[in-house]
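Asks: run.cif (mmCIF, C-alpha atoms) pasted underneath:
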data_run
loop_
_atom_site.group_PDB
_atom_site.id
_atom_site.type_symbol
_atom_site.label_atom_id
_atom_site.label_comp_id
_atom_site.auth_asym_id
_atom_site.auth_seq_id
_atom_site.Cartn_x
_atom_site.Cartn_y
_atom_site.Cartn_z
ATOM 1 C CA MET A 30 92.791 106.368 148.893
ATOM 2 C CA SER A 31 89.954 104.298 150.315
ATOM 3 C CA THR A 32 89.464 103.547 153.999
ATOM 4 C CA ASN A 33 89.900 99.828 153.257
ATOM 5 C CA ILE A 34 93.360 100.390 151.739
ATOM 6 C CA GLU A 35 94.376 102.625 154.630
ATOM 7 C CA GLN A 36 93.253 100.034 157.171
ATOM 8 C CA LEU A 37 95.099 97.262 155.346
ATOM 9 C CA GLN A 38 98.309 99.297 155.158
ATOM 10 C CA ALA A 39 98.024 100.219 158.834
ATOM 11 C CA ALA A 40 97.651 96.530 159.731
ATOM 12 C CA LEU A 41 100.835 95.733 157.787
ATOM 13 C CA LEU A 42 102.959 98.555 159.178
ATOM 14 C CA PRO A 43 104.425 96.720 162.225
ATOM 15 C CA SER A 44 105.358 93.705 160.069
ATOM 16 C CA ARG A 45 106.929 95.928 157.407
ATOM 17 C CA GLU A 46 108.967 97.813 160.000
ATOM 18 C CA ARG A 47 110.105 94.540 161.569
ATOM 19 C CA LEU A 48 111.132 93.257 158.145
ATOM 20 C CA LEU A 49 113.045 96.425 157.256
ATOM 21 C CA ALA A 50 114.903 96.133 160.573
ATOM 22 C CA HIS A 51 115.923 92.508 159.915
ATOM 23 C CA PRO A 52 119.516 91.869 161.077
ATOM 24 C CA MET A 53 120.329 90.158 157.752
ATOM 25 C CA TYR A 54 120.765 93.523 156.054
ATOM 26 C CA ALA A 55 123.687 94.455 158.284
ATOM 27 C CA LYS A 56 125.392 91.114 157.633
ATOM 28 C CA ILE A 57 125.824 91.705 153.868
ATOM 29 C CA ASN A 58 129.167 93.434 153.435
ATOM 30 C CA SER A 59 131.242 91.333 151.041
ATOM 31 C CA LEU A 60 130.971 89.635 147.683
ATOM 32 C CA GLU A 61 130.676 86.274 149.451
ATOM 33 C CA ASP A 62 127.720 87.623 151.441
ATOM 34 C CA PHE A 63 126.019 88.716 148.206
ATOM 35 C CA GLN A 64 126.611 85.223 146.809
ATOM 36 C CA ARG A 65 124.799 83.607 149.738
ATOM 37 C CA PHE A 66 121.988 86.163 149.457
ATOM 38 C CA MET A 67 121.461 85.697 145.737
ATOM 39 C CA GLU A 68 121.574 81.884 145.892
ATOM 40 C CA GLN A 69 118.373 81.933 147.956
ATOM 41 C CA HIS A 70 116.747 85.166 146.751
ATOM 42 C CA ILE A 71 116.766 83.923 143.118
ATOM 43 C CA PHE A 72 113.851 81.659 144.072
ATOM 44 C CA ALA A 73 111.798 84.727 145.038
ATOM 45 C CA VAL A 74 112.742 86.358 141.727
ATOM 46 C CA TRP A 75 111.619 83.193 139.922
ATOM 47 C CA ASP A 76 108.289 82.593 141.686
ATOM 48 C CA PHE A 77 107.350 86.268 141.310
ATOM 49 C CA MET A 78 106.933 85.622 137.585
ATOM 50 C CA SER A 79 104.324 82.916 138.219
ATOM 51 C CA LEU A 80 102.520 85.287 140.568
ATOM 52 C CA LEU A 81 102.549 88.000 137.893
ATOM 53 C CA LYS A 82 101.433 85.586 135.164
ATOM 54 C CA SER A 83 98.547 84.379 137.299
ATOM 55 C CA LEU A 84 97.361 87.993 137.556
ATOM 56 C CA GLN A 85 97.762 88.470 133.818
ATOM 57 C CA ARG A 86 95.669 85.356 133.240
ATOM 58 C CA GLU A 87 92.885 86.610 135.527
ATOM 59 C CA LEU A 88 92.868 90.316 134.677
ATOM 60 C CA THR A 89 93.569 90.338 130.931
ATOM 61 C CA CYS A 90 92.323 88.199 128.080
ATOM 62 C CA VAL A 91 94.795 85.470 127.127
ATOM 63 C CA GLU A 92 92.190 83.354 125.352
ATOM 64 C CA VAL A 93 91.389 82.925 121.650
ATOM 65 C CA PRO A 94 89.139 84.362 120.337
ATOM 66 C CA TRP A 95 90.050 87.528 122.223
ATOM 67 C CA ALA A 96 87.595 89.853 123.919
ATOM 68 C CA PRO A 97 88.203 92.893 126.157
ATOM 69 C CA LYS A 98 88.303 91.878 129.801
ATOM 70 C CA GLY A 99 88.223 93.809 133.051
ATOM 71 C CA SER A 100 89.408 97.339 133.677
ATOM 72 C CA PRO A 101 91.497 98.876 130.864
ATOM 73 C CA THR A 102 93.688 100.645 133.444
ATOM 74 C CA THR A 103 94.405 97.437 135.350
ATOM 75 C CA ARG A 104 94.920 95.595 132.056
ATOM 76 C CA ARG A 105 97.568 98.107 130.984
ATOM 77 C CA PHE A 106 99.199 98.006 134.432
ATOM 78 C CA ILE A 107 99.607 94.240 134.386
ATOM 79 C CA ASN A 108 100.795 94.132 130.776
ATOM 80 C CA GLU A 109 103.344 96.890 131.440
ATOM 81 C CA ILE A 110 104.775 94.956 134.373
ATOM 82 C CA VAL A 111 104.903 91.758 132.318
ATOM 83 C CA LEU A 112 106.739 93.641 129.552
ATOM 84 C CA GLY A 113 109.286 95.014 132.014
ATOM 85 C CA GLU A 114 109.788 91.798 133.977
ATOM 86 C CA GLU A 115 109.751 89.340 131.084
ATOM 87 C CA SER A 116 111.504 91.286 128.314
ATOM 88 C CA ASP A 117 113.533 94.206 129.643
ATOM 89 C CA GLN A 118 116.953 95.252 128.309
ATOM 90 C CA ASP A 119 120.230 94.656 130.099
ATOM 91 C CA GLN A 120 123.081 97.161 130.177
ATOM 92 C CA ASP A 121 124.300 95.915 126.778
ATOM 93 C CA GLY A 122 120.901 96.278 125.125
ATOM 94 C CA ASN A 123 120.133 92.545 125.122
ATOM 95 C CA VAL A 124 116.477 91.651 125.736
ATOM 96 C CA LEU A 125 116.179 89.518 128.872
ATOM 97 C CA SER A 126 113.750 88.865 131.689
ATOM 98 C CA HIS A 127 114.738 90.175 135.100
ATOM 99 C CA PHE A 128 115.100 86.550 136.152
ATOM 100 C CA GLU A 129 117.691 85.997 133.405
ATOM 101 C CA MET A 130 119.455 89.251 134.311
ATOM 102 C CA TYR A 131 119.652 88.054 137.899
ATOM 103 C CA LEU A 132 121.140 84.732 136.774
ATOM 104 C CA ASP A 133 123.754 86.595 134.715
ATOM 105 C CA ALA A 134 124.633 88.705 137.743
ATOM 106 C CA MET A 135 124.918 85.571 139.898
ATOM 107 C CA GLN A 136 127.284 83.975 137.408
ATOM 108 C CA GLN A 137 129.396 87.127 137.212
ATOM 109 C CA ILE A 138 129.986 87.204 140.969
ATOM 110 C CA GLY A 139 130.437 83.431 141.295
ATOM 111 C CA ALA A 140 127.170 82.553 143.031
ATOM 112 C CA ASP A 141 125.870 78.989 142.662
ATOM 113 C CA THR A 142 123.094 78.841 140.040
ATOM 114 C CA MET A 143 122.806 75.049 140.002
ATOM 115 C CA PRO A 144 119.778 74.725 142.342
ATOM 116 C CA ILE A 145 117.566 77.170 140.415
ATOM 117 C CA HIS A 146 118.606 75.587 137.105
ATOM 118 C CA GLN A 147 117.750 72.181 138.547
ATOM 119 C CA LEU A 148 114.313 73.442 139.563
ATOM 120 C CA THR A 149 113.399 74.836 136.138
ATOM 121 C CA GLU A 150 114.832 71.763 134.389
ATOM 122 C CA TRP A 151 112.957 69.291 136.592
ATOM 123 C CA LEU A 152 109.707 71.202 136.127
ATOM 124 C CA SER A 153 110.198 71.129 132.344
ATOM 125 C CA TYR A 154 110.523 67.334 132.593
ATOM 126 C CA GLY A 155 107.169 67.108 134.357
ATOM 127 C CA LYS A 156 108.186 66.869 138.006
ATOM 128 C CA SER A 157 105.718 68.448 140.402
ATOM 129 C CA LEU A 158 106.806 71.620 142.135
ATOM 130 C CA ASP A 159 106.531 69.967 145.555
ATOM 131 C CA GLU A 160 108.725 67.063 144.482
ATOM 132 C CA ALA A 161 111.306 69.345 142.893
ATOM 133 C CA LEU A 162 111.499 71.678 145.889
ATOM 134 C CA TYR A 163 111.860 68.725 148.264
ATOM 135 C CA GLN A 164 114.854 67.395 146.335
ATOM 136 C CA LEU A 165 116.689 70.720 146.029
ATOM 137 C CA ARG A 166 119.509 71.596 148.390
ATOM 138 C CA ILE A 167 118.210 74.999 149.470
ATOM 139 C CA ASN A 168 117.278 76.602 152.780
ATOM 140 C CA GLU A 169 114.075 75.316 154.321
ATOM 141 C CA GLU A 170 112.922 78.935 154.625
ATOM 142 C CA THR A 171 113.395 79.384 150.872
ATOM 143 C CA ARG A 172 111.410 76.231 150.193
ATOM 144 C CA GLU A 173 108.570 77.428 152.439
ATOM 145 C CA PHE A 174 108.588 80.843 150.774
ATOM 146 C CA VAL A 175 107.998 79.322 147.326
ATOM 147 C CA HIS A 176 105.419 76.887 148.729
ATOM 148 C CA PHE A 177 103.430 79.785 150.135
ATOM 149 C CA THR A 178 103.500 81.709 146.848
ATOM 150 C CA PHE A 179 102.078 78.765 144.934
ATOM 151 C CA GLU A 180 99.580 77.953 147.659
ATOM 152 C CA VAL A 181 98.090 81.418 147.110
ATOM 153 C CA ILE A 182 98.287 81.122 143.306
ATOM 154 C CA ASN A 183 96.627 77.703 143.380
ATOM 155 C CA SER A 184 93.816 78.989 145.588
ATOM 156 C CA GLY A 185 92.459 80.676 142.457
ATOM 157 C CA GLN A 186 91.189 83.521 144.638
ATOM 158 C CA LEU A 187 92.014 86.717 142.793
ATOM 159 C CA HIS A 188 91.875 89.026 145.826
ATOM 160 C CA LYS A 189 94.477 86.892 147.620
ATOM 161 C CA ILE A 190 96.759 86.712 144.586
ATOM 162 C CA ALA A 191 96.505 90.473 144.067
ATOM 163 C CA ALA A 192 97.183 91.132 147.756
ATOM 164 C CA LEU A 193 100.288 88.950 147.717
ATOM 165 C CA PHE A 194 101.493 90.776 144.608
ATOM 166 C CA THR A 195 100.688 94.286 145.896
ATOM 167 C CA PHE A 196 101.633 94.107 149.569
ATOM 168 C CA GLY A 197 103.700 90.976 150.045
ATOM 169 C CA ARG A 198 106.208 91.043 147.218
ATOM 170 C CA GLU A 199 107.957 94.379 147.414
ATOM 171 C CA ASP A 200 111.581 93.363 147.120
ATOM 172 C CA LEU A 201 112.610 95.350 150.173
ATOM 173 C CA ILE A 202 116.199 95.481 148.935
ATOM 174 C CA PRO A 203 117.584 98.676 150.445
ATOM 175 C CA ASP A 204 119.642 101.352 148.747
ATOM 176 C CA MET A 205 122.513 100.415 151.035
ATOM 177 C CA PHE A 206 123.074 97.277 148.924
ATOM 178 C CA ILE A 207 123.779 99.497 145.949
ATOM 179 C CA GLU A 208 126.110 101.701 148.008
ATOM 180 C CA ILE A 209 128.079 98.649 149.210
ATOM 181 C CA LEU A 210 128.439 97.424 145.630
ATOM 182 C CA ARG A 211 129.463 100.857 144.348
ATOM 183 C CA GLU A 212 132.166 101.040 146.998
ATOM 184 C CA MET A 213 133.440 97.597 145.921
ATOM 185 C CA GLN A 214 133.451 98.820 142.338
ATOM 186 C CA ARG A 215 135.346 102.017 143.264
ATOM 187 C CA GLN A 216 137.971 99.930 145.008
ATOM 188 C CA GLY A 217 138.292 97.785 141.886
ATOM 189 C CA GLN A 218 137.751 94.616 143.906
ATOM 190 C CA HIS A 219 135.263 92.864 141.673
ATOM 191 C CA ASN A 220 133.454 92.947 138.350
ATOM 192 C CA ILE A 221 129.913 93.494 139.613
ATOM 193 C CA ASP A 222 128.348 95.704 136.936
ATOM 194 C CA LYS A 223 125.553 93.210 136.150
ATOM 195 C CA LEU A 224 124.377 93.031 139.759
ATOM 196 C CA LEU A 225 124.517 96.807 140.101
ATOM 197 C CA TYR A 226 122.544 97.253 136.897
ATOM 198 C CA TYR A 227 119.910 94.732 138.000
ATOM 199 C CA LEU A 228 119.354 96.437 141.359
ATOM 200 C CA GLU A 229 119.266 99.945 139.897
ATOM 201 C CA ARG A 230 116.971 98.883 137.053
ATOM 202 C CA HIS A 231 114.627 97.047 139.387
ATOM 203 C CA ILE A 232 114.234 100.112 141.592
ATOM 204 C CA GLU A 233 113.629 102.255 138.490
ATOM 205 C CA VAL A 234 111.005 99.904 137.036
ATOM 206 C CA ASP A 235 109.211 99.537 140.371
ATOM 207 C CA GLY A 236 108.963 103.300 140.771
ATOM 208 C CA GLY A 237 106.591 105.727 139.117
ATOM 209 C CA ASP A 238 102.883 105.023 138.999
ATOM 210 C CA HIS A 239 102.955 101.289 139.695
ATOM 211 C CA GLY A 240 102.192 101.746 143.394
ATOM 212 C CA PRO A 241 99.033 103.835 143.017
ATOM 213 C CA ILE A 242 97.717 101.645 140.187
ATOM 214 C CA SER A 243 98.264 98.457 142.181
ATOM 215 C CA LEU A 244 96.196 99.981 145.010
ATOM 216 C CA LYS A 245 93.460 100.855 142.524
ATOM 217 C CA MET A 246 93.572 97.247 141.311
ATOM 218 C CA MET A 247 93.018 96.054 144.890
ATOM 219 C CA GLU A 248 90.040 98.390 145.271
ATOM 220 C CA GLU A 249 88.496 97.077 142.043
ATOM 221 C CA ILE A 250 88.999 93.436 143.033
ATOM 222 C CA CYS A 251 87.854 93.658 146.663
ATOM 223 C CA GLY A 252 85.213 96.353 146.236
ATOM 224 C CA SER A 253 83.023 96.613 149.330
ATOM 225 C CA ASP A 254 83.400 92.948 150.288
ATOM 226 C CA ALA A 255 84.592 93.020 153.903
ATOM 227 C CA ASN A 256 85.599 89.357 153.838
ATOM 228 C CA LYS A 257 87.837 89.894 150.804
ATOM 229 C CA TRP A 258 89.593 92.786 152.533
ATOM 230 C CA LYS A 259 90.034 90.650 155.662
ATOM 231 C CA GLU A 260 91.537 87.770 153.673
ATOM 232 C CA ALA A 261 93.715 90.159 151.642
ATOM 233 C CA THR A 262 95.115 91.493 154.926
ATOM 234 C CA GLU A 263 95.737 87.978 156.259
ATOM 235 C CA VAL A 264 97.571 86.916 153.092
ATOM 236 C CA SER A 265 99.694 90.063 153.103
ATOM 237 C CA LEU A 266 100.687 89.559 156.749
ATOM 238 C CA LEU A 267 101.610 85.946 156.050
ATOM 239 C CA ALA A 268 103.646 87.015 153.023
ATOM 240 C CA LEU A 269 105.670 89.488 155.082
ATOM 241 C CA GLU A 270 106.278 86.788 157.692
ATOM 242 C CA LYS A 271 107.473 84.361 154.999
ATOM 243 C CA ARG A 272 109.827 87.060 153.703
ATOM 244 C CA TYR A 273 111.148 87.598 157.232
ATOM 245 C CA GLN A 274 111.825 83.876 157.514
ATOM 246 C CA LEU A 275 113.512 83.881 154.088
ATOM 247 C CA TRP A 276 115.824 86.662 155.282
ATOM 248 C CA SER A 277 116.527 84.713 158.511
ATOM 249 C CA GLY A 278 117.546 81.681 156.491
ATOM 250 C CA ILE A 279 119.899 83.804 154.389
ATOM 251 C CA GLU A 280 121.349 85.393 157.537
ATOM 252 C CA ALA A 281 122.096 81.906 158.886
ATOM 253 C CA SER A 282 123.751 80.941 155.563
ATOM 254 C CA ILE A 283 125.986 84.012 155.690
ATOM 255 C CA GLU A 284 127.004 83.306 159.295
ATOM 256 C CA SER A 285 127.671 79.644 158.500
ATOM 257 C CA SER A 286 129.786 80.559 155.472
ATOM 258 C CA ALA A 287 131.829 83.026 157.553
ATOM 259 C CA GLN A 288 132.658 80.302 160.053
#
Please re-express this file's structure in structure tokens.
Replies:
Amino acid sequence: MSTNIEQLQAALLPSRERLLAHPMYAKINSLEDFQRFMEQHIFAVWDFMSLLKSLQRELTCVEVPWAPKGSPTTRRFINEIVLGEESDQDQDGNVLSHFEMYLDAMQQIGADTMPIHQLTEWLSYGKSLDEALYQLRINEETREFVHFTFEVINSGQLHKIAALFTFGREDLIPDMFIEILREMQRQGQHNIDKLLYYLERHIEVDGGDHGPISLKMMEEICGSDANKWKEATEVSLLALEKRYQLWSGIEASIESSAQ
């Protein structure tokens, strides 16, 4: 691992530890709590796909006529992630994106899917993202989270997009979520198999060699450019802060619902 990667990871460590210690995690103990969580987190699941597609556009050839582009290793890495995220299989063998699996899980547990459906519908009708987000009834922290993602995408600066993808978008959904759901399932309280499958599958897909290859991608993109490494660090720190704020908004929603 290069010194630049080590320095970047060291700079992120306090923010990552703060995020992993967020009080929201301890507040999620019931099906209703998972509903509130998923109703906001679905927007992070959705905008991740645009982040991934922007990397695919920059790092692989999506033009006609085709020509080989960039590093073959990075090319394969991005295409593998696109395959898994955009056309995985659910527990019944149906081909679905992880976004669609998440929607199915939301519907199964009774979470409100109307806002995310409104967003995708309005965008298909030609509304701007800013206009659509402004009109949605979602947490302000959720709105700001999506704004930040697209601000980085629209910058067109590959090192920033790659940094957000590599260091700022780990889901940071702990194993304890799965344990809570398994306990609910053991008690026969709820039909939650789709949510359990999504979480377990997501952890499985994110494992393996994706981490080391994403770091190699960062090294190829930033090279020896000190300014790129500095900006990659800044973007990653901002991304972790936006995620912290997203979690804070969800924590407030859970507390409000309980009252």
Asks: Report as a tab-separated table: every residue of region 164-264 of chain A with an atom at most 6 Å from region 270-278 of chain A, its closest pair of atoms, and their distance in Å to one decimal, counting only C-alpha atoms, with rows sorted by chain and ascending residue number.
Replies:
residue	atom	partner	partner_atom	distance
A:Glu170	CA	A:Leu275	CA	5.0
A:Thr171	CA	A:Leu275	CA	5.5
A:Phe174	CA	A:Lys271	CA	5.6
Asks: What is the distance between CA of Ser282 (chain A) and CA of Arg166 (chain A), in Å to one decimal?
Replies: 12.5 Å
Asks: For each of A:Leu244, A:Ile167, A:Ala255, A:Ala73, take the minimum atom-to-atom distance to Ser31 (chain A), counting all atoms listed in the file, then give the residue where this is smallest.
Replies: A:Leu244
Asks: At a cut-off of 10 Å, can you tabulate as JSON lines every residue of region 128-216 of chain A near region 84-95 of chain A together with its closest atom pair and the distance in Å to one decimal, using all atoms listed in the file and ordering rows by chain then number?
Replies:
{"residue": "A:Ile182", "atom": "CA", "partner": "A:Leu84", "partner_atom": "CA", "distance": 9.0}
{"residue": "A:Gly185", "atom": "CA", "partner": "A:Glu87", "partner_atom": "CA", "distance": 9.1}
{"residue": "A:Gln186", "atom": "CA", "partner": "A:Glu87", "partner_atom": "CA", "distance": 9.8}
{"residue": "A:Leu187", "atom": "CA", "partner": "A:Glu87", "partner_atom": "CA", "distance": 7.3}
{"residue": "A:His188", "atom": "CA", "partner": "A:Leu84", "partner_atom": "CA", "distance": 10.0}
{"residue": "A:Ile190", "atom": "CA", "partner": "A:Leu84", "partner_atom": "CA", "distance": 7.2}
{"residue": "A:Ala191", "atom": "CA", "partner": "A:Leu84", "partner_atom": "CA", "distance": 7.0}
{"residue": "A:Phe194", "atom": "CA", "partner": "A:Leu84", "partner_atom": "CA", "distance": 8.6}
Asks: Rank A:Met78, A:Leu41, A:Leu225, A:Ala96 by their smallest atom-to-atom distance to Met213 (chain A), using all atoms listed in the file, and report the top residue only.
Replies: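 Going through A:Met78, A:Leu41, A:Leu225, A:Ala96 one by one, the smallest distance to Met213 (chain A) is for A:Leu225.
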Asks: For each of A:Gln118, A:Gln137, A:Ser83, A:Asn33, take the minimum atom-to-atom distance to Asp222 (chain A), counting only C-alpha atoms, then give the residue where this is smallest.
Replies: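 The shortest atom-to-atom distance to Asp222 (chain A) comes from A:Gln137.
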Asks: For the file shown, report as a list in words the outcome of the PyMOL selection byres ((chain A and resi 105) around 12) at residue level.
Replies: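 Written out, the selection comes to Gln85, Leu88, Thr89, Cys90, Pro97, Lys98, Gly99, Ser100, Pro101, Thr102, Thr103, Arg104, Phe106, Ile107, Asn108, Glu109, Ile110, Val111, Leu112, Asp238, His239, Ile242, Ser243 and Met246 of chain A.
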Asks: Once the PyMOL selection byres ((chain A and resi 141) around 9) has been evaluated on this model, what residues remain selected, and can you format them as a list in words?
Replies: Gln64, Arg65, Met67, Glu68, Met135, Gln136, Gly139, Ala140, Thr142, Met143, Pro144 and Ile145 of chain A
Asks: Residues at most 12 Å from Arg211 (chain A), counting only C-alpha atoms, excluding those fewer than 6 positions away in the same chain, as a list of chain:residue names?
Replies: A:Asn58, A:Ser59, A:Leu60, A:Asp204, A:Met205, A:Gly217, A:Gln218, A:His219, A:Asn220, A:Ile221, A:Asp222, A:Lys223, A:Leu224, A:Leu225, A:Tyr226, A:Leu228, A:Glu229
Asks: Could you tell me, as a list in words, exactly which residues end up selected when the PyMOL selection byres ((chain A and resi 180) around 12) is applied to this structure?
Replies: Asp76, Ser79, Leu80, Leu158, Asp159, Glu173, Phe174, Val175, His176, Phe177, Thr178, Phe179, Val181, Ile182, Asn183, Ser184, Gly185, Gln186, Lys189, Ile190, Leu193, Val264, Leu267 and Ala268 of chain A
Asks: Take the residues just selected and output them with C-alpha atoms as a tab-separated table (two decimals), in the coordinates of the input.
Replies:
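again_21.tsv, freshly written:
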chain	number	residue	atom	x	y	z
A	76	ASP	CA	108.29	82.59	141.69
A	79	SER	CA	104.32	82.92	138.22
A	80	LEU	CA	102.52	85.29	140.57
A	158	LEU	CA	106.81	71.62	142.14
A	159	ASP	CA	106.53	69.97	145.56
A	173	GLU	CA	108.57	77.43	152.44
A	174	PHE	CA	108.59	80.84	150.77
A	175	VAL	CA	108.00	79.32	147.33
A	176	HIS	CA	105.42	76.89	148.73
A	177	PHE	CA	103.43	79.78	150.14
A	178	THR	CA	103.50	81.71	146.85
A	179	PHE	CA	102.08	78.76	144.93
A	181	VAL	CA	98.09	81.42	147.11
A	182	ILE	CA	98.29	81.12	143.31
A	183	ASN	CA	96.63	77.70	143.38
A	184	SER	CA	93.82	78.99	145.59
A	185	GLY	CA	92.46	80.68	142.46
A	186	GLN	CA	91.19	83.52	144.64
A	189	LYS	CA	94.48	86.89	147.62
A	190	ILE	CA	96.76	86.71	144.59
A	193	LEU	CA	100.29	88.95	147.72
A	264	VAL	CA	97.57	86.92	153.09
A	267	LEU	CA	101.61	85.95	156.05
A	268	ALA	CA	103.65	87.02	153.02
Asks: Out of A:Lys56, A:Arg45, A:Arg215, A:His231, which residue has the shortest atom-to-atom distance to Glu280 (chain A) when counting only C-alpha atoms?
Replies: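 The answer is A:Lys56, which sits nearest to Glu280 (chain A).
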Asks: Looking at A:Ala55, A:Glu115, A:Asn123, A:Phe128, which one is nearest to Ile71 (chain A), with distances taken over only C-alpha atoms?
Replies: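 Once distances to Ile71 (chain A) are computed over only C-alpha atoms, the minimum belongs to A:Phe128.
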Asks: Which is closer to Ser286 (chain A) than all the others in A:Leu162, A:Gly252, A:Asp62, A:His146, using all atoms listed in the file?
Replies: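 Using all atoms listed in the file, the shortest distance to Ser286 (chain A) belongs to A:Asp62.
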Asks: Could you add whatever atoms are missing so that region 184-191 of chain A carries all heavy atoms, then write the result as a PDB file, in the frame of the given file?
Replies:
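Written out: selection.pdb:
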ATOM      1  N   SER A 184      95.122  78.782 144.970  1.00  0.00           N
ATOM      2  CA  SER A 184      93.816  78.989 145.588  1.00  0.00           C
ATOM      3  C   SER A 184      92.806  79.494 144.556  1.00  0.00           C
ATOM      4  O   SER A 184      91.602  79.325 144.718  1.00  0.00           O
ATOM      5  CB  SER A 184      93.914  80.012 146.733  1.00  0.00           C
ATOM      6  OG  SER A 184      94.049  81.343 146.229  1.00  0.00           O
ATOM      7  N   GLY A 185      93.330  80.135 143.493  1.00  0.00           N
ATOM      8  CA  GLY A 185      92.459  80.676 142.457  1.00  0.00           C
ATOM      9  C   GLY A 185      91.638  81.869 142.916  1.00  0.00           C
ATOM     10  O   GLY A 185      90.754  82.330 142.196  1.00  0.00           O
ATOM     11  N   GLN A 186      91.952  82.397 144.089  1.00  0.00           N
ATOM     12  CA  GLN A 186      91.189  83.521 144.638  1.00  0.00           C
ATOM     13  C   GLN A 186      91.926  84.817 144.306  1.00  0.00           C
ATOM     14  O   GLN A 186      92.975  85.126 144.873  1.00  0.00           O
ATOM     15  CB  GLN A 186      91.002  83.346 146.138  1.00  0.00           C
ATOM     16  CG  GLN A 186      90.146  82.115 146.470  1.00  0.00           C
ATOM     17  CD  GLN A 186      89.893  81.974 147.947  1.00  0.00           C
ATOM     18  OE1 GLN A 186      90.749  81.503 148.692  1.00  0.00           O
ATOM     19  NE2 GLN A 186      88.716  82.382 148.382  1.00  0.00           N
ATOM     20  N   LEU A 187      91.340  85.562 143.378  1.00  0.00           N
ATOM     21  CA  LEU A 187      92.014  86.717 142.793  1.00  0.00           C
ATOM     22  C   LEU A 187      92.406  87.756 143.837  1.00  0.00           C
ATOM     23  O   LEU A 187      93.496  88.340 143.758  1.00  0.00           O
ATOM     24  CB  LEU A 187      91.115  87.355 141.730  1.00  0.00           C
ATOM     25  CG  LEU A 187      91.678  88.551 140.964  1.00  0.00           C
ATOM     26  CD1 LEU A 187      93.008  88.226 140.310  1.00  0.00           C
ATOM     27  CD2 LEU A 187      90.662  89.030 139.936  1.00  0.00           C
ATOM     28  N   HIS A 188      91.545  87.995 144.830  1.00  0.00           N
ATOM     29  CA  HIS A 188      91.875  89.026 145.826  1.00  0.00           C
ATOM     30  C   HIS A 188      93.102  88.639 146.652  1.00  0.00           C
ATOM     31  O   HIS A 188      93.888  89.504 147.039  1.00  0.00           O
ATOM     32  CB  HIS A 188      90.669  89.303 146.734  1.00  0.00           C
ATOM     33  CG  HIS A 188      90.208  88.133 147.539  1.00  0.00           C
ATOM     34  ND1 HIS A 188      89.599  87.025 146.988  1.00  0.00           N
ATOM     35  CD2 HIS A 188      90.267  87.895 148.889  1.00  0.00           C
ATOM     36  CE1 HIS A 188      89.288  86.168 147.945  1.00  0.00           C
ATOM     37  NE2 HIS A 188      89.697  86.663 149.104  1.00  0.00           N
ATOM     38  N   LYS A 189      93.294  87.345 146.879  1.00  0.00           N
ATOM     39  CA  LYS A 189      94.477  86.892 147.620  1.00  0.00           C
ATOM     40  C   LYS A 189      95.736  87.000 146.763  1.00  0.00           C
ATOM     41  O   LYS A 189      96.799  87.425 147.238  1.00  0.00           O
ATOM     42  CB  LYS A 189      94.284  85.446 148.092  1.00  0.00           C
ATOM     43  CG  LYS A 189      93.202  85.269 149.139  1.00  0.00           C
ATOM     44  CD  LYS A 189      93.118  83.822 149.599  1.00  0.00           C
ATOM     45  CE  LYS A 189      92.057  83.645 150.670  1.00  0.00           C
ATOM     46  NZ  LYS A 189      91.956  82.233 151.127  1.00  0.00           N
ATOM     47  N   ILE A 190      95.613  86.618 145.496  1.00  0.00           N
ATOM     48  CA  ILE A 190      96.759  86.712 144.586  1.00  0.00           C
ATOM     49  C   ILE A 190      97.189  88.160 144.425  1.00  0.00           C
ATOM     50  O   ILE A 190      98.384  88.495 144.481  1.00  0.00           O
ATOM     51  CB  ILE A 190      96.409  86.086 143.218  1.00  0.00           C
ATOM     52  CG1 ILE A 190      96.074  84.601 143.383  1.00  0.00           C
ATOM     53  CG2 ILE A 190      97.556  86.269 142.229  1.00  0.00           C
ATOM     54  CD1 ILE A 190      95.451  83.960 142.146  1.00  0.00           C
ATOM     55  N   ALA A 191      96.206  89.048 144.239  1.00  0.00           N
ATOM     56  CA  ALA A 191      96.505  90.473 144.067  1.00  0.00           C
ATOM     57  C   ALA A 191      97.110  91.068 145.334  1.00  0.00           C
ATOM     58  O   ALA A 191      98.012  91.914 145.269  1.00  0.00           O
ATOM     59  CB  ALA A 191      95.241  91.222 143.676  1.00  0.00           C
TER      60      ALA A 191
END
